[in-house]
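Enquirer: Dropping in protein.csv, which is CSV, C-alpha atoms (C1' of nucleotides):
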```csv
chain,number,residue,atom,x,y,z
A,17,MET,CA,42.7,98.6,43.9
A,18,LYS,CA,45.8,99.1,46.0
A,19,VAL,CA,46.3,100.4,49.5
A,20,ASP,CA,48.8,103.2,50.0
A,21,GLU,CA,52.3,101.9,50.2
A,22,ASN,CA,53.1,103.5,53.6
A,23,GLU,CA,49.9,102.1,55.1
A,24,VAL,CA,50.9,98.6,53.8
A,25,ARG,CA,54.3,98.9,55.5
A,26,ARG,CA,52.7,100.0,58.7
A,27,ARG,CA,50.3,97.0,58.6
A,28,LEU,CA,53.2,94.6,57.9
A,29,GLY,CA,55.1,96.0,60.9
A,30,HIS,CA,52.1,95.4,63.1
A,31,PHE,CA,51.6,92.0,61.7
A,32,GLU,CA,55.2,90.9,62.4
A,33,ALA,CA,55.0,92.2,65.9
A,34,VAL,CA,51.8,90.4,66.6
A,35,VAL,CA,53.1,87.2,65.1
A,36,ARG,CA,56.2,87.3,67.1
A,37,ALA,CA,54.4,88.2,70.3
A,38,ALA,CA,52.0,85.3,69.8
A,39,GLY,CA,54.9,82.9,69.3
A,40,VAL,CA,53.8,81.5,66.0
A,41,ARG,CA,56.1,81.1,63.2
A,42,LEU,CA,56.6,83.6,60.5
A,43,THR,CA,56.5,81.6,57.3
A,44,HIS,CA,56.6,82.9,53.7
A,45,GLN,CA,53.1,81.7,53.2
A,46,ARG,CA,51.8,83.7,56.2
A,47,LEU,CA,53.7,86.8,55.1
A,48,GLU,CA,52.4,86.6,51.6
A,49,VAL,CA,48.8,86.0,52.6
A,50,PHE,CA,48.9,88.9,54.9
A,51,ARG,CA,50.6,91.1,52.5
A,52,GLU,CA,48.0,90.3,49.9
A,53,VAL,CA,45.0,91.3,52.2
A,54,ALA,CA,46.8,94.2,53.6
A,55,GLY,CA,47.5,95.7,50.2
A,56,SER,CA,44.0,95.2,48.8
A,57,LEU,CA,41.1,97.5,49.0
A,58,ASP,CA,38.4,95.1,47.8
A,59,HIS,CA,38.1,92.6,50.6
A,60,PRO,CA,39.2,89.5,48.8
A,61,ASP,CA,37.9,86.0,49.7
A,62,ALA,CA,40.1,83.1,50.3
A,63,GLU,CA,40.3,82.0,46.7
A,64,ALA,CA,41.2,85.5,45.5
A,65,VAL,CA,44.0,85.6,48.0
A,66,PHE,CA,45.1,82.1,46.9
A,67,ARG,CA,45.3,83.1,43.3
A,68,ALA,CA,47.3,86.2,44.1
A,69,VAL,CA,49.7,84.5,46.5
A,70,ARG,CA,50.3,81.6,44.2
A,71,LYS,CA,51.9,83.9,41.7
A,72,ARG,CA,54.7,84.4,44.2
A,73,LEU,CA,54.7,81.1,46.0
A,74,ARG,CA,53.8,78.7,43.4
A,75,THR,CA,53.4,75.7,45.7
A,76,VAL,CA,51.1,77.3,48.2
A,77,SER,CA,47.9,75.4,48.8
A,78,LEU,CA,44.4,76.7,49.2
A,79,ASP,CA,44.1,75.0,52.5
A,80,THR,CA,47.1,76.9,53.9
A,81,VAL,CA,45.5,80.1,52.8
A,82,TYR,CA,42.3,79.2,54.6
A,83,ARG,CA,44.2,78.2,57.7
A,84,THR,CA,46.3,81.3,57.6
A,85,LEU,CA,43.4,83.7,57.2
A,86,ARG,CA,41.7,82.1,60.1
A,87,LEU,CA,44.9,82.3,62.2
A,88,LEU,CA,45.3,86.0,61.3
A,89,GLU,CA,41.8,86.7,62.2
A,90,ASP,CA,42.3,85.0,65.6
A,91,LEU,CA,45.4,87.0,66.1
A,92,GLY,CA,43.4,90.1,65.4
A,93,VAL,CA,45.4,91.5,62.5
A,94,LEU,CA,42.6,90.7,60.0
A,95,GLY,CA,38.9,91.2,60.2
A,96,THR,CA,36.1,89.6,58.3
A,97,LEU,CA,33.3,91.3,56.4
A,98,GLY,CA,30.3,91.0,58.6
A,99,PRO,CA,29.8,88.7,61.5
A,100,ARG,CA,30.2,85.0,60.7
A,101,ARG,CA,27.0,83.5,59.5
A,102,GLU,CA,26.8,79.7,59.4
A,103,SER,CA,23.8,79.8,57.2
A,104,MET,CA,21.3,82.1,55.5
A,105,ARG,CA,18.6,83.5,57.6
A,106,PHE,CA,15.2,84.7,56.7
A,107,ASP,CA,13.0,87.6,57.7
A,108,ALA,CA,9.3,88.3,57.0
A,109,ASN,CA,9.6,91.9,58.3
A,110,LEU,CA,9.6,93.9,55.1
A,111,ALA,CA,9.4,97.3,56.7
A,112,SER,CA,12.6,99.3,57.0
A,113,HIS,CA,14.4,98.2,60.1
A,114,HIS,CA,17.8,97.5,61.5
A,115,HIS,CA,19.4,94.7,63.4
A,116,TYR,CA,21.1,93.9,66.6
A,117,VAL,CA,23.3,90.9,66.2
A,118,CYS,CA,24.9,88.9,69.0
A,119,LEU,CA,28.5,88.0,68.0
A,120,ARG,CA,28.5,84.8,70.1
A,121,CYS,CA,25.1,83.1,69.6
A,122,GLY,CA,23.9,84.7,66.5
A,123,LEU,CA,20.8,86.1,68.0
A,124,VAL,CA,19.2,88.8,65.8
A,125,ARG,CA,16.7,91.3,67.0
A,126,ASP,CA,15.0,94.0,64.8
A,127,PHE,CA,14.7,97.6,65.8
A,128,GLU,CA,13.7,100.8,64.2
A,129,SER,CA,15.4,104.1,64.2
A,130,ALA,CA,14.4,107.2,62.2
A,131,ASP,CA,18.0,108.5,62.6
A,132,MET,CA,19.5,105.4,61.0
A,133,SER,CA,17.0,105.2,58.2
A,134,ALA,CA,17.7,108.8,57.1
A,135,LEU,CA,21.5,108.8,57.2
A,136,PRO,CA,23.1,111.1,54.6
A,137,ILE,CA,25.2,109.2,52.2
A,138,PRO,CA,28.7,110.7,51.7
A,139,ALA,CA,29.4,112.0,48.2
A,140,GLU,CA,32.3,109.6,47.7
A,141,VAL,CA,30.0,106.7,48.1
A,142,ARG,CA,27.5,107.9,45.6
A,143,GLU,CA,30.3,107.9,43.1
A,144,VAL,CA,30.8,104.2,43.5
A,145,GLY,CA,27.3,103.4,42.4
A,146,GLU,CA,23.6,103.8,42.8
A,147,VAL,CA,22.4,103.6,46.4
A,148,HIS,CA,19.6,101.1,47.1
A,149,GLY,CA,19.3,101.2,50.8
A,150,THR,CA,21.2,101.7,54.1
A,151,PHE,CA,21.4,99.0,56.7
A,152,VAL,CA,22.7,99.4,60.2
A,153,GLU,CA,24.0,96.4,62.2
A,154,VAL,CA,24.7,96.9,65.9
A,155,ARG,CA,26.9,94.2,67.1
A,156,GLY,CA,27.6,93.0,70.6
A,157,PHE,CA,27.0,90.3,73.1
A,158,CYS,CA,23.4,89.6,74.2
A,159,ARG,CA,22.4,89.3,77.8
A,160,ALA,CA,22.6,85.5,77.7
A,161,CYS,CA,26.1,85.5,76.2
A,162,GLU,CA,27.8,88.3,78.2
A,163,GLY,CA,28.8,86.0,81.0
A,164,LYS,CA,29.8,83.0,79.0
A,165,ARG,CA,32.1,85.1,76.9
A,166,GLN,CA,34.7,85.5,79.6
A,167,GLU,CA,35.8,82.0,79.9
A,168,GLU,CA,36.3,81.8,76.1
A,169,SER,CA,38.2,85.1,75.8
A,170,THR,CA,41.5,83.6,76.8
A,171,ALA,CA,41.6,81.5,73.7
A,172,LYS,CA,44.6,82.6,71.7
A,173,HIS,CA,44.8,80.9,68.5
A,174,GLN,CA,45.1,77.2,67.7
A,175,LYS,CA,42.4,75.6,69.9
A,176,ARG,CA,39.3,77.7,69.5
A,177,PRO,CA,36.6,76.4,71.7
A,178,LYS,CA,33.9,77.2,69.2
A,179,GLY,CA,31.5,76.3,71.9
A,180,GLN,CA,28.5,78.1,70.5
A,181,GLU,CA,28.9,77.0,67.0
A,182,ARG,CA,27.6,73.7,68.0
A,183,ARG,CA,26.9,71.8,64.9
A,184,ARG,CA,23.3,71.2,65.2
A,185,THR,CA,21.6,67.9,64.5
A,186,TRP,CA,21.7,67.2,60.9
A,187,ARG,CA,19.1,65.7,58.8
A,188,ARG,CA,18.6,62.0,59.0
A,189,ARG,CA,18.6,60.6,55.6
A,190,SER,CA,18.4,56.9,55.1
A,191,GLY,CA,16.9,54.9,57.8
A,192,SER,CA,14.8,56.4,60.6
B,5,MET,CA,10.0,85.0,70.3
B,6,LYS,CA,6.6,85.6,68.7
B,7,VAL,CA,5.4,88.2,66.4
B,8,ASP,CA,2.1,90.0,67.2
B,9,GLU,CA,-0.9,87.8,66.2
B,10,ASN,CA,-2.5,90.6,64.1
B,11,GLU,CA,0.7,91.2,62.3
B,12,VAL,CA,1.1,87.6,61.5
B,13,ARG,CA,-2.4,87.5,60.0
B,14,ARG,CA,-1.7,90.5,57.9
B,15,ARG,CA,1.5,88.9,56.6
B,16,LEU,CA,-0.4,85.7,55.8
B,17,GLY,CA,-2.9,87.7,53.9
B,18,HIS,CA,-0.3,89.4,51.8
B,19,PHE,CA,1.5,86.1,51.3
B,20,GLU,CA,-1.6,84.4,49.9
B,21,ALA,CA,-2.4,87.3,47.7
B,22,VAL,CA,1.1,87.3,46.2
B,23,VAL,CA,1.1,83.6,45.8
B,24,ARG,CA,-2.2,83.7,44.0
B,25,ALA,CA,-1.0,86.7,41.8
B,26,ALA,CA,2.1,84.9,40.8
B,27,GLY,CA,0.2,81.8,39.8
B,28,VAL,CA,2.1,79.4,42.0
B,29,ARG,CA,0.4,76.8,44.0
B,30,LEU,CA,-0.5,77.2,47.6
B,31,THR,CA,0.6,74.0,49.3
B,32,HIS,CA,0.6,73.1,53.0
B,33,GLN,CA,4.3,73.1,52.9
B,34,ARG,CA,4.5,76.6,51.6
B,35,LEU,CA,1.9,77.9,54.0
B,36,GLU,CA,3.6,76.4,57.0
B,37,VAL,CA,7.1,77.5,55.9
B,38,PHE,CA,5.8,81.1,55.5
B,39,ARG,CA,3.8,81.0,58.7
B,40,GLU,CA,6.9,79.9,60.6
B,41,VAL,CA,9.1,82.7,59.4
B,42,ALA,CA,6.2,85.3,59.6
B,43,GLY,CA,5.6,84.4,63.2
B,44,SER,CA,9.2,84.4,64.3
B,45,LEU,CA,11.2,87.4,65.5
B,46,ASP,CA,14.6,85.7,65.5
B,47,HIS,CA,15.3,85.3,61.8
B,48,PRO,CA,15.5,81.5,61.6
B,49,ASP,CA,17.7,79.7,59.1
B,50,ALA,CA,16.4,76.9,56.8
B,51,GLU,CA,17.1,74.2,59.3
B,52,ALA,CA,15.3,76.0,62.2
B,53,VAL,CA,12.3,76.5,59.9
B,54,PHE,CA,12.5,72.8,59.0
B,55,ARG,CA,12.5,71.6,62.5
B,56,ALA,CA,9.5,73.8,63.4
B,57,VAL,CA,7.5,73.0,60.3
B,58,ARG,CA,8.1,69.3,60.7
B,59,LYS,CA,6.2,69.3,63.9
B,60,ARG,CA,3.1,70.0,61.9
B,61,LEU,CA,3.9,68.4,58.6
B,62,ARG,CA,5.8,65.3,59.6
B,63,THR,CA,6.8,64.4,56.1
B,64,VAL,CA,8.2,67.7,54.9
B,65,SER,CA,11.7,67.6,53.7
B,66,LEU,CA,14.6,70.0,54.2
B,67,ASP,CA,14.9,70.3,50.5
B,68,THR,CA,11.4,71.6,50.2
B,69,VAL,CA,12.0,74.1,52.9
B,70,TYR,CA,15.0,75.4,51.1
B,71,ARG,CA,13.1,75.5,47.8
B,72,THR,CA,10.2,77.3,49.4
B,73,LEU,CA,12.3,79.9,51.2
B,74,ARG,CA,14.0,80.7,48.0
B,75,LEU,CA,10.7,80.9,46.2
B,76,LEU,CA,9.2,83.2,48.8
B,77,GLU,CA,12.3,85.4,48.6
B,78,ASP,CA,11.9,85.6,44.9
B,79,LEU,CA,8.3,86.5,45.3
B,80,GLY,CA,9.3,89.3,47.7
B,81,VAL,CA,7.4,88.1,50.7
B,82,LEU,CA,10.5,87.2,52.6
B,83,GLY,CA,13.9,88.8,52.8
B,84,THR,CA,17.2,87.5,53.9
B,85,LEU,CA,19.5,88.8,56.5
B,86,GLY,CA,22.2,90.7,54.7
B,87,PRO,CA,23.2,90.5,51.1
B,88,ARG,CA,24.1,87.0,49.9
B,89,ARG,CA,27.7,86.2,50.4
B,90,GLU,CA,29.2,83.4,48.5
B,91,SER,CA,32.2,83.2,50.7
B,92,MET,CA,33.9,84.9,53.6
B,93,ARG,CA,35.8,88.0,52.8
B,94,PHE,CA,38.7,89.5,54.7
B,95,ASP,CA,39.8,93.0,55.6
B,96,ALA,CA,43.1,94.4,57.0
B,97,ASN,CA,41.6,97.8,57.7
B,98,LEU,CA,41.1,97.7,61.4
B,99,ALA,CA,40.0,101.3,61.8
B,100,SER,CA,36.4,102.1,62.2
B,101,HIS,CA,34.8,102.2,58.7
B,102,HIS,CA,31.7,101.4,56.8
B,103,HIS,CA,31.0,99.6,53.6
B,104,TYR,CA,29.3,100.1,50.2
B,105,VAL,CA,28.3,96.7,48.8
B,106,CYS,CA,27.2,96.0,45.3
B,107,LEU,CA,24.3,93.7,45.3
B,108,ARG,CA,25.1,92.2,41.9
B,109,CYS,CA,28.9,91.6,41.8
B,110,GLY,CA,29.7,91.8,45.4
B,111,LEU,CA,32.2,94.7,45.1
B,112,VAL,CA,32.9,96.2,48.5
B,113,ARG,CA,34.4,99.7,49.1
B,114,ASP,CA,35.3,101.1,52.4
B,115,PHE,CA,34.3,104.6,53.5
B,116,GLU,CA,34.4,106.7,56.6
B,117,SER,CA,31.6,108.8,58.1
B,118,ALA,CA,31.7,110.5,61.4
B,119,ASP,CA,27.9,110.7,61.4
B,120,MET,CA,27.6,106.9,61.0
B,121,SER,CA,30.3,106.1,63.6
B,122,ALA,CA,28.6,108.1,66.2
B,123,LEU,CA,25.0,107.0,65.8
B,124,PRO,CA,23.0,107.0,69.0
B,125,ILE,CA,21.8,103.5,70.0
B,126,PRO,CA,18.1,103.3,70.9
B,127,ALA,CA,17.4,102.3,74.5
B,128,GLU,CA,15.5,99.2,73.4
B,129,VAL,CA,18.6,97.9,71.7
B,130,ARG,CA,20.7,98.4,74.8
B,131,GLU,CA,18.4,96.2,76.7
B,132,VAL,CA,19.1,93.3,74.4
B,133,GLY,CA,22.8,93.3,75.2
B,134,GLU,CA,26.1,95.0,75.3
B,135,VAL,CA,26.9,97.1,72.3
B,136,HIS,CA,30.3,96.4,70.7
B,137,GLY,CA,30.1,98.4,67.6
B,138,THR,CA,27.8,99.8,64.9
B,139,PHE,CA,28.3,99.0,61.2
B,140,VAL,CA,26.6,100.6,58.3
B,141,GLU,CA,26.2,98.9,55.0
B,142,VAL,CA,25.1,100.9,52.0
B,143,ARG,CA,23.8,98.6,49.4
B,144,GLY,CA,23.2,99.3,45.7
B,145,PHE,CA,24.5,98.6,42.3
B,146,CYS,CA,28.0,99.8,41.4
B,147,ARG,CA,28.7,101.7,38.2
B,148,ALA,CA,29.8,98.6,36.3
B,149,CYS,CA,26.6,96.7,37.3
B,150,GLU,CA,24.0,99.4,36.8
B,151,GLY,CA,23.5,98.7,33.2
B,152,LYS,CA,23.8,94.9,33.2
B,153,ARG,CA,21.1,94.8,35.8
B,154,GLN,CA,18.4,95.8,33.4
B,155,GLU,CA,18.5,92.7,31.3
B,156,GLU,CA,18.4,90.5,34.3
B,157,SER,CA,15.4,92.2,35.8
B,158,THR,CA,12.8,90.2,34.1
B,159,ALA,CA,10.4,88.6,36.6
B,160,LYS,CA,11.4,85.3,38.0
B,161,HIS,CA,8.1,83.9,39.2
B,162,GLN,CA,5.5,86.0,37.4
B,163,LYS,CA,2.7,84.4,35.5
B,164,ARG,CA,4.2,84.0,32.2
B,165,PRO,CA,3.5,82.0,29.1
B,166,LYS,CA,4.8,78.5,29.8
B,167,GLY,CA,8.1,77.4,28.5
B,168,GLN,CA,10.3,80.3,29.4
B,169,GLU,CA,11.1,80.0,33.1
B,170,ARG,CA,14.1,82.1,33.7
B,171,ARG,CA,16.7,80.7,36.0
B,172,ARG,CA,19.2,82.9,37.6
B,173,THR,CA,22.7,81.7,36.9
B,174,TRP,CA,24.8,84.5,38.1
B,175,ARG,CA,27.4,83.2,40.4
B,176,ARG,CA,30.2,85.6,39.5
B,177,ARG,CA,32.8,86.5,41.9
B,178,SER,CA,33.6,90.1,42.5
B,179,GLY,CA,36.2,91.7,40.3
B,180,SER,CA,39.1,93.8,41.5
C,2,DC,C1',67.3,69.3,65.7
C,3,DT,C1',62.2,69.2,66.7
C,4,DG,C1',57.9,70.5,66.8
C,5,DA,C1',55.0,73.9,64.4
C,6,DC,C1',53.5,74.3,59.7
C,7,DT,C1',52.4,72.9,55.0
C,8,DG,C1',50.3,70.2,51.1
C,9,DC,C1',47.3,66.7,50.0
C,10,DA,C1',43.0,64.6,50.0
C,11,DA,C1',39.1,63.5,52.0
C,12,DA,C1',35.5,65.0,55.1
C,13,DC,C1',31.9,68.3,56.3
C,14,DC,C1',28.2,71.6,56.2
C,15,DC,C1',24.9,74.1,53.8
C,16,DT,C1',22.5,74.5,49.7
C,17,DT,C1',21.0,73.2,45.0
C,18,DT,C1',19.4,69.9,41.5
C,19,DG,C1',17.7,65.7,38.5
C,20,DC,C1',14.2,62.5,38.8
C,21,DA,C1',9.8,60.1,39.4
C,22,DG,C1',5.9,59.9,42.0
C,23,DA,C1',2.2,62.9,44.6
C,24,DC,C1',-1.3,66.4,44.6
C,25,DC,C1',-3.2,71.2,43.7
C,26,DG,C1',-6.5,73.6,40.9
D,3,DC,C1',-6.5,65.0,34.8
D,4,DG,C1',-2.1,67.7,33.7
D,5,DG,C1',1.4,70.3,35.1
D,6,DT,C1',3.4,71.8,39.7
D,7,DC,C1',5.4,70.4,43.7
D,8,DT,C1',7.5,67.3,46.8
D,9,DG,C1',10.7,63.8,48.6
D,10,DC,C1',14.8,61.5,47.7
D,11,DA,C1',19.5,61.0,46.7
D,12,DA,C1',23.4,62.8,45.1
D,13,DA,C1',26.0,66.6,43.5
D,14,DG,C1',28.2,71.2,44.3
D,15,DG,C1',30.8,74.9,46.3
D,16,DG,C1',33.1,76.8,50.3
D,17,DT,C1',35.7,75.5,54.4
D,18,DT,C1',37.9,72.4,57.7
D,19,DT,C1',40.7,68.5,59.3
D,20,DG,C1',43.9,64.1,59.7
D,21,DC,C1',48.2,62.7,58.3
D,22,DA,C1',53.0,62.6,57.1
D,23,DG,C1',56.7,65.1,55.3
D,24,DT,C1',59.1,69.8,55.7
D,25,DC,C1',61.0,74.0,57.4
D,26,DA,C1',61.6,78.0,60.8
D,27,DG,C1',63.9,79.0,65.0
```
Please lay out the structure from this file as structure tokens.

Expert:
Amino acid sequence: MKVDENEVRRRLGHFEAVVRAAGVRLTHQRLEVFREVAGSLDHPDAEAVFRAVRKRLRTVSLDTVYRTLRLLEDLGVLGTLGPRRESMRFDANLASHHHYVCLRCGLVRDFESADMSALPIPAEVREVGEVHGTFVEVRGFCRACEGKRQEESTAKHQKRPKGQERRRTWRRRSGS
Amino acid sequence: MKVDENEVRRRLGHFEAVVRAAGVRLTHQRLEVFREVAGSLDHPDAEAVFRAVRKRLRTVSLDTVYRTLRLLEDLGVLGTLGPRRESMRFDANLASHHHYVCLRCGLVRDFESADMSALPIPAEVREVGEVHGTFVEVRGFCRACEGKRQEESTAKHQKRPKGQERRRTWRRRSGS
DNA sequence: CTGACTGCAAACCCTTTGCAGACCG
DNA sequence: CGGTCTGCAAAGGGTTTGCAGTCAG
């Protein structure tokens, strides 16, 4: 599926402006990666972008696509689908409920809301396919993270502090 | 955070009943893994469960925790947070919008809804932290997948004559 | 020109899987 | 006791990173 041509042009303009303002270089690779995502309706992943971009830039590498997507996300011209999840998380609450998710530490808290559980589904959505359920995710920064967020907010691109993403202790295999 | 003790007991009862009905064995490991998730409010990931369970079963392995969580999910006594995502997906649409997600092929389609964008946030949620945005995900099976789903719907862990364990092998990537 | 960027490959993290011994029922 | 399960190690798939050569500004 393709995005409207005018909208794509608008996005490209914004993209170039942001890139220039951030002082990073505007390379073919970056332009083509952005153009691909900007012109696509179906939320491609890195490999889909890679396959598409490689048709025009035959020497582009998957690594560059990853690096570029990450850069564009940091610059704020691209978003990702859902908050970043390092790993799969489990839930024994089988009743209908919704989630509050902290964008910094990943804390998740359940809540219930009759309003949210009974949302009317737009007709255009029903045309896409059968509806199985509706889930609401409220995102924000939890009490504990609100403060800590400030110091990190200056991070432009390049050196992302990724302070909270502390790689936890891994499993000790041999020995121990 | 801890779940109410009565609720935990109820969940454990349901768990044992389902395990028995499915004809799979009720081992210490499985019991402890389930107890850990059932008693936790914060949606632990496999490693968090592993760390907690290992305090009581010092020899448990991370692999078993993974296997058990997957089993419990298949049995329907546990759920996962959000639909399974094989990889990160990107989006150049920065305007407020919501998503329809196909649970089988991963297709994502944007849509807008004034109702959904203006949902009132329950007071209890505001206490958890600052609210940054509200995102609605409508899940179901898209037109293309509705049919194919039937054939796959055979039970995964039901009691069944030996020799025909079905393994799920779908690892398709979403199509454009 | 010169340092930011790219391509390559190897590392990393989370998760799954093949195998042989352990243990539930 | 026999077939499930577990623990182990190693593979897999997605993503990141160190390095040296390359290209935008």

Enquirer: Mind pulling up the distance from atom CA of A:Ser133 to atom CA of B:Arg74?

Expert: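 Distance between the two atoms: 26.7 Å.
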
Enquirer: What does the distance from atom CA of B:Met5 to atom CA of B:Leu45 come to in Å, to one decimal?

Expert: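 Separation of atom CA of B:Met5 and atom CA of B:Leu45: 5.5 Å.
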
Enquirer: Please provide the set of residues having any atom within 12 Å of A:Ala130, restricted to only C-alpha atoms (C1' of nucleotides), with same-chain residues fewer than 6 positions apart removed, written as a PyMOL selection string.

Expert: (chain A and resi 112-114+150+152) or (chain B and resi 123-126)

Enquirer: Near chain D, meaning an atom within 10 Å, which residues of chain B appear when counting all atoms listed in the file? Write them as a list in words.

Expert: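 Using all atoms listed in the file, chain B residues at most 10 Å from chain D: Val28, Arg29, Leu30, Thr31, Gln33, Thr63, Val64, Ser65, Leu66, Asp67, Thr68, Arg71, Glu90, Ser91 and Met92 of chain B.
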
Enquirer: Using all atoms listed in the file for the distances, tell me which of C:DC13, C:DC6, C:DC20, C:DC25 is nearest to chain B.

Expert: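 Using all atoms listed in the file, chain B sits closest to C:DC25.
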
Enquirer: Could you give me, as JSON lines, every chain A residue with an atom at most 6 Å from chain B, plus its closest atom pair and distance in Å to one decimal, counting all atoms listed in the file, rows ordered by chain then number?

Expert:
```
{"residue": "A:Ala54", "atom": "CA", "partner": "B:Ala96", "partner_atom": "CA", "distance": 5.0}
{"residue": "A:Asp58", "atom": "CA", "partner": "B:Val112", "partner_atom": "CA", "distance": 5.7}
{"residue": "A:His59", "atom": "CA", "partner": "B:Phe94", "partner_atom": "CA", "distance": 5.2}
{"residue": "A:Pro60", "atom": "CA", "partner": "B:Arg93", "partner_atom": "CA", "distance": 5.5}
{"residue": "A:Asp61", "atom": "CA", "partner": "B:Arg93", "partner_atom": "CA", "distance": 4.2}
{"residue": "A:Leu94", "atom": "CA", "partner": "B:Ala96", "partner_atom": "CA", "distance": 4.8}
{"residue": "A:Gly95", "atom": "CA", "partner": "B:Asp95", "partner_atom": "CA", "distance": 5.0}
{"residue": "A:Thr96", "atom": "CA", "partner": "B:Phe94", "partner_atom": "CA", "distance": 4.4}
{"residue": "A:Leu97", "atom": "CA", "partner": "B:Arg93", "partner_atom": "CA", "distance": 5.5}
{"residue": "A:Met104", "atom": "CA", "partner": "B:Asp49", "partner_atom": "CA", "distance": 5.6}
{"residue": "A:Arg105", "atom": "CA", "partner": "B:Asp49", "partner_atom": "CA", "distance": 4.2}
{"residue": "A:Phe106", "atom": "CA", "partner": "B:Thr84", "partner_atom": "CA", "distance": 4.4}
{"residue": "A:Asp107", "atom": "CA", "partner": "B:Gly83", "partner_atom": "CA", "distance": 5.1}
{"residue": "A:Ala108", "atom": "CA", "partner": "B:Leu82", "partner_atom": "CA", "distance": 4.7}
{"residue": "A:Val124", "atom": "CA", "partner": "B:Asp46", "partner_atom": "CA", "distance": 5.6}
{"residue": "A:Val144", "atom": "CA", "partner": "B:Cys146", "partner_atom": "CA", "distance": 5.6}
{"residue": "A:Gly145", "atom": "CA", "partner": "B:Cys146", "partner_atom": "CA", "distance": 3.8}
{"residue": "A:Glu146", "atom": "CA", "partner": "B:Phe145", "partner_atom": "CA", "distance": 5.3}
{"residue": "A:Val147", "atom": "CA", "partner": "B:Gly144", "partner_atom": "CA", "distance": 4.4}
{"residue": "A:His148", "atom": "CA", "partner": "B:Gly144", "partner_atom": "CA", "distance": 4.3}
{"residue": "A:Gly149", "atom": "CA", "partner": "B:Arg143", "partner_atom": "CA", "distance": 5.4}
{"residue": "A:Thr150", "atom": "CA", "partner": "B:Val142", "partner_atom": "CA", "distance": 4.5}
{"residue": "A:Phe151", "atom": "CA", "partner": "B:Glu141", "partner_atom": "CA", "distance": 5.1}
{"residue": "A:Val152", "atom": "CA", "partner": "B:Val140", "partner_atom": "CA", "distance": 4.5}
{"residue": "A:Glu153", "atom": "CA", "partner": "B:Phe139", "partner_atom": "CA", "distance": 5.1}
{"residue": "A:Val154", "atom": "CA", "partner": "B:Thr138", "partner_atom": "CA", "distance": 4.4}
{"residue": "A:Arg155", "atom": "CA", "partner": "B:Gly137", "partner_atom": "CA", "distance": 5.3}
{"residue": "A:Gly156", "atom": "CA", "partner": "B:His136", "partner_atom": "CA", "distance": 4.3}
{"residue": "A:Phe157", "atom": "CA", "partner": "B:Glu134", "partner_atom": "CA", "distance": 5.3}
{"residue": "A:Cys158", "atom": "CA", "partner": "B:Gly133", "partner_atom": "CA", "distance": 3.9}
{"residue": "A:Arg159", "atom": "CA", "partner": "B:Gly133", "partner_atom": "CA", "distance": 4.8}
```

Enquirer: How far apart are chain A and chain B by Cα RMSD after a least-squares superposition over every Cα, paired in order?

Expert: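 With chain B fitted onto chain A, the C-alpha RMSD reads 5.7 Å.
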
Enquirer: What residues in chain C have any atom no more than 9 Å from chain A when counting all atoms listed in the file, and can you write them as a ChimeraX atom specification?

Expert: /C:5-9,14-15

Enquirer: Keeping only C-alpha atoms (C1' of nucleotides), take the residues you just selected and write them out as a tab-separated table (two decimals), keeping the file's coordinate frame.

Expert:
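Produced file out.tsv, reproduced below:
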```tsv
chain	number	residue	atom	x	y	z
C	5	DA	C1'	55.00	73.90	64.40
C	6	DC	C1'	53.50	74.30	59.70
C	7	DT	C1'	52.40	72.90	55.00
C	8	DG	C1'	50.30	70.20	51.10
C	9	DC	C1'	47.30	66.70	50.00
C	14	DC	C1'	28.20	71.60	56.20
C	15	DC	C1'	24.90	74.10	53.80
```

Enquirer: In Å, rounded to a single decimal, give me how far atom CA of A:Arg74 is from atom CA of A:Val35.

Expert: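 Those two atoms sit 23.3 Å apart.
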